[in-house]
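**Q** I am attaching a structure below and will ask some questions about it afterwards.
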Amino acid sequence: MSEDHSAPSMGTPDWLIRGEVAMCPCGCIGKRKKGSFVEKTLNGTASIMRQAMFGDDMASRDGLLQRVDARVKVVALVGLLIVAALVRNIPVLIVMYLATLVLASASALPLGFFIKRVWLFIPIFTGIVVLPAAFSFITPGEIVVPLWTWNGHQVGLTNQGLTAVGLIVIRVATSVSLVVLVTLTTPWNKLLAGLRALMVPRIFILIIGMAYRYVFLLLNSVTDMYTARKARQVGNDQGQVKEGQRFVAATAGALFGKSHALSEEVYMAMVSRGYRGDARTLEGFRLTAIDFFFIAGCIVASVLILGGDHLVGH
Amino acid sequence: MATENATPIFACSGLSYAYLERFPALDDVSLTIRRGEKIALIGANGCGKSTLLKVLDGLVFPDTGTYRAFDAAVTEENLEDEQFSRGFRSRVGFVFQNSDAQVFSPTVREEIAFGPLNMGLTRDQVNARVDDTLTMLDITDLAERAPYQLSGGQKKRVAIASVLVMNPEVLLFDEPTASLDPRTQQWLVELIAELGAAGKTIVLATHDLDRLEVLADRCIVFSEDHRVVAEGPPARILADLDLLLSVNLVHEHRHAHGPVVHSHLHGAEHHVDRHSG
C-alpha cells in the first residue's frame with residue numbers, strides 16, 4: 001500500500017503541478033499600462049455602492065428633516081415646488097433658496113456638497129437652454145450689455161432678457177435644492193412609501209422597491225465577473241478590442257440569464273408566502289408633533305413667500 | 001416525536017416532473033410524511049430534492065402522479081381558490097437555499113411583514129408578530145436595514161424569520177446549512193431541532209451527513225436517476241455504505257498518513273476506513 005504520496009493522483013496533468021513563469025516584479029517584462037475597461041467597470045460599480053452608502057449615511061443622521069415623516073416631506077415638497085413655480089420675483093426666490101440652505105444645515109448635510117450637487121448641473125442644463133432668451137433678438141428691451149451691430153441694429157443682452165434668465169435659473173436651483181433636500185434626508189424605502197401619499201399605486205412602489213434591491217445583487221455579480229477576468233488577465237488588454245467586446249457581450253448575456261432565473265425564484269418565494277397579485281405594504285401613518293410643526297411651518301412659509309412676492313411685484 | 005400511526009399530512013404518489021419537458025427531475029416518487037416528523041431528503045446534486053420541495057410547497061406541479069396535503073389534492077387549479085391557497089400557504093413555509101431570492105423587500109421589517117400581510121392580518125397584529133420574530137431570532141437591530149447591508153448568515157436568519165412569522169405547521173428547508181459559517185450552521189441546526197420539538201413537521205434537503213441524526217428522524221434517499229431508492233432512520237441509512245456509494249453521496253478517497261497512502265470512503269466528514277495502512 002505504501003507509495004510516494006507526492007505523486008499526482010486521478011490523472012492530474014503535469015502542467016498543473018509545475019509552476020508558471022510569473023511576471024518579474026521589476027517590470028522588465030511587458031509595459032505598465034492602466035485604464036482598461038475592466039478597471040473602469042470595477043471602479044464604476046464600486047462608486048455606485050459608495051454613493052448608495054453615502055446616501056444612507058446622510059438619511060440616518062440626526063437632523064431636522066430626518067425626523068419628519070416621509071409622507072409629510074413628499075407632500076410638503078410638492079406644495080413648495082408649486083409655490084416656487086408661482087413666485088415671479090428674483091429676490092423672493094433667492095430668499096427661498098437661502099431657506100433651503102438653512103434647512104440643509106439644520107439637517108446635518110454638508111453645505112459644500114449640497115450646493116455643489118445643485119449648481120454643478122444647473123449651468124449646463126438650464127443655463128444653455130435659457131441663455132438665448134437674454135439676447136435682444138429674443139427678448140427685446142433695454143440693452144445693458146451691447147455686443148455688436150447687425151443691419152444698423154444694436155444686438156446685446158437686455159435687462160428684460162437677463163431678468164427672465166435669472167428668474168428661471170434661480171427657480172430651477174430652488175426647486176432642485178428642495179428635491180435634493182428631501183431625497184438626501186429620507187431613506188430610499190421610506191421615500192418610496194412616501195409616494196403613497198401622492199396616490200402612486202402600491203404595485204408600482206413594490207416593483208420599484210424590488211428593482212432597487214436587486215440592482216445591488218446584480219452589481220455584485222458584475223463585480224465578481226470583472227474581478228474574475230482581471231485575476232486571469234496576464235499583460236494588458238490594450239488593442240484587444242474585439243476580445244473586450246466579446247467579453248462585455250458575454251457578461252451582459254450572463255447577467256440577463258441570471259436576472260431571469262432570479263426573477264422566477266423571487267416570484268416563487270413571494271407566492272410561497274401567500275402573494276396573489278395584491279401588493280400589501282406595512283404603512284404606519286402616525287404623525288408626531290414635529291410633523292405638525294413642519295406642516296404648519298411650510299404653510300406659513302408658503303403664505304409669506306406668495307404674499308411677499310405679491311407685495312414686491314407691485 | 002412522530003409515531004407510525006400519526007396522521008399523514010403530505011402524501012405523494014407516483015410523482016414525475018421534467019423541466020421544459022426534457023430534463024427529468026423526479027421519476028415515480030411516492031412518499032408519505034406524517035405530522036411532527038423530521039424528514040431529510042438526501043442525494044447527490046441534481047437528483048431532484050429541491051424540485052420535490054417545490055412540489056410539496058405547491059410551486060411546481062408534477063407532470064404525472066398525485067400530491068395531497070392536509071387531505072386535499074394540491075393542484076394548480078385548487079391553489080387558484082383563494083380560501084384553499086391562503087390556508088395552504090399559511091400552513092406550509094419554505095426556506096429557499098438562495099436567501100437573496102427570498103429576501104426581496106427594501107427592509108428587513110417589510111420582508112418579515114410580507115407573509116402576515118398577505119395572510120390578511122391587521123397592521124397591529126403584523127407589527128406585533130414581526131417584533132416577536134425579530135426578538136426570537138435575535139435580529140431586532142437589523143429591522144430597518146436593507147438586504148444589501150446584510151451578511152450571508154444574517155440574510156438566512158431574515159429568510160427564516162420571514163417564514164416563521166406565518167407560524168406554519170410544516171417547514172421546508174432547501175439545504176439550510178449550505179454556505180453558512182460553522183457558528184450559524186450550529187445555530188440553525190439547534191433551531192430546527194427546537195422547532196421539531198415544538199411539534200412542527202420539518203422536511204429538509206441536505207448534504208450535511210454529519211448532522212443527519214440531529215436534523216432528521218427519517219431519511220429519504222434519492223438516486224441520480226431521480227427516484228427514491230431507500231428510506232429509514234439516519235443511523236441505518238448512514239451504515240449502508242453500498243447504498244451511499246451507489247447514489248454518489250460518498251466516494252472512495254485516497255490520502256496520506258506520513259509515508260502511507262490509503263483509501264477509504266468519504267462523504268463530508270463521515271468516513272469509514274475500508275483499508276488500513
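Ordered as shown in the C-alpha cells, chains take letters A, B, and onward, while each chain numbers its residues from 1 and ligands are numbered from 1 in the order shown.
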Based on only C-alpha atoms, which of the residues in chain A come within 10 Å of chain B? I want them as number ranges by chain.

**A** A: 1-6, 9-10, 49, 53, 56, 187-190, 192, 206-217, 220, 261-284

**Q** May I have the residues within 8 Å of stretch 78-91 of chain A as an MDAnalysis selection string, using only C-alpha atoms and disregarding those fewer than 4 positions away in the same chain?

**A** chainID A and resid 74 95 163 166:167 170:171 174:175 178 298 302 305:306 309 312:313

**Q** Excluding stretch 115-117 of chain A and any residue of its chain fewer than 4 positions from it, enumerate the residues within 9 Å of it, using only C-alpha atoms, and give them as a VMD selection string.

**A** chain A and resid 101 110 to 111 121 177 180

**Q** Those residues with N, CA and C atoms, as a PDB file, in the first residue's frame please?

**A**
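In the end it all went to part24.pdb:
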ATOM      1  N   LEU A 101     -30.890  76.318   2.143  1.00  0.00           N
ATOM      2  CA  LEU A 101     -29.544  76.140   2.709  1.00  0.00           C
ATOM      3  C   LEU A 101     -29.613  76.015   4.228  1.00  0.00           C
ATOM      4  N   PRO A 110     -23.673  68.233   4.651  1.00  0.00           N
ATOM      5  CA  PRO A 110     -22.513  69.092   4.381  1.00  0.00           C
ATOM      6  C   PRO A 110     -22.892  70.148   3.327  1.00  0.00           C
ATOM      7  N   LEU A 111     -22.797  71.442   3.724  1.00  0.00           N
ATOM      8  CA  LEU A 111     -23.297  72.511   2.848  1.00  0.00           C
ATOM      9  C   LEU A 111     -22.601  72.564   1.498  1.00  0.00           C
ATOM     10  N   PHE A 121     -25.016  71.091 -12.148  1.00  0.00           N
ATOM     11  CA  PHE A 121     -25.761  70.748 -13.366  1.00  0.00           C
ATOM     12  C   PHE A 121     -26.610  71.891 -13.896  1.00  0.00           C
ATOM     13  N   SER A 177     -32.961  72.196  -5.259  1.00  0.00           N
ATOM     14  CA  SER A 177     -32.496  72.132  -3.862  1.00  0.00           C
ATOM     15  C   SER A 177     -33.551  71.482  -2.985  1.00  0.00           C
ATOM     16  N   VAL A 180     -33.487  67.754  -3.712  1.00  0.00           N
ATOM     17  CA  VAL A 180     -32.273  67.135  -3.148  1.00  0.00           C
ATOM     18  C   VAL A 180     -32.390  67.038  -1.622  1.00  0.00           C
TER      19      VAL A 180
END

**Q** Per DSSP on the backbone, what are the helix (DSSP H, G or I) residues of stretch 54-204 of chain B, as a PyMOL selection string?

**A** chain B and resi 54-56+76-80+82-91+99-102+108-119+123-136+140-142+147-149+152-164+182-197

**Q** Run DSSP on the backbone of this structure and report the residues of stretch 70-284 of chain A it assigns to strand (DSSP E or B), as a list in words.

**A**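 Of stretch 70-284 of chain A, the ones in strand (DSSP E or B) are Phe135, Ile143, Val144, Val145, Pro146, Leu147, Trp148, Thr149, Trp150, His153, Gln154, Val155, Gly156, Leu157 and Thr158 of chain A.
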
**Q** Would you pick out the contacts of A:Thr126 at 12 Å or less, using only C-alpha atoms, so that residues sharing its chain but fewer than 2 positions from it are not included, and give the list as a list in words?

**A** Val118, Trp119, Leu120, Phe121, Ile122, Pro123, Ile124, Ile128, Val129, Val130, Leu131, Pro132, Ala133, Val165, Gly166, Leu167, Ile168, Val169, Ile170, Arg171, Val172, Ala173 and Val176 of chain A

**Q** Would you export the selected residues with C-alpha atoms as a tab-separated table (two decimals), in the first residue's frame, please?

**A**
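In the end it all went to again_30.tsv:
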chain	number	residue	atom	x	y	z
A	118	VAL	CA	-27.34	71.62	-7.15
A	119	TRP	CA	-25.12	74.08	-9.03
A	120	LEU	CA	-22.99	71.58	-10.92
A	121	PHE	CA	-25.76	70.75	-13.37
A	122	ILE	CA	-27.88	73.91	-13.48
A	123	PRO	CA	-25.43	75.97	-15.61
A	124	ILE	CA	-25.07	73.01	-18.01
A	128	ILE	CA	-27.56	76.65	-22.01
A	129	VAL	CA	-31.25	76.26	-22.73
A	130	VAL	CA	-32.31	79.68	-21.45
A	131	LEU	CA	-29.22	81.73	-22.39
A	132	PRO	CA	-30.54	82.84	-25.83
A	133	ALA	CA	-33.50	84.44	-24.05
A	165	VAL	CA	-32.87	84.07	-17.41
A	166	GLY	CA	-32.08	84.88	-13.77
A	167	LEU	CA	-35.63	84.07	-12.74
A	168	ILE	CA	-35.60	80.68	-14.44
A	169	VAL	CA	-32.14	79.74	-13.19
A	170	ILE	CA	-32.85	80.63	-9.57
A	171	ARG	CA	-36.27	78.98	-9.77
A	172	VAL	CA	-34.70	75.76	-11.04
A	173	ALA	CA	-31.96	75.98	-8.39
A	176	VAL	CA	-33.73	71.19	-7.36

**Q** Would you pick out the contacts of stretch 21-37 of chain B at 10 Å or less, using only C-alpha atoms, so that residues sharing its chain but fewer than 3 positions from it are not included, and give the list as a ChimeraX atom specification?

**A** /B:1-18,40,46-52,62-70,169-170,195-203,216-218,220,222,224-229,231

**Q** Quote the spacing between atom CA of B:Leu134 and atom CA of B:Leu215 in Å to one decimal place.

**A**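 If I compute the distance from atom CA of B:Leu134 to atom CA of B:Leu215, I get 23.5 Å.
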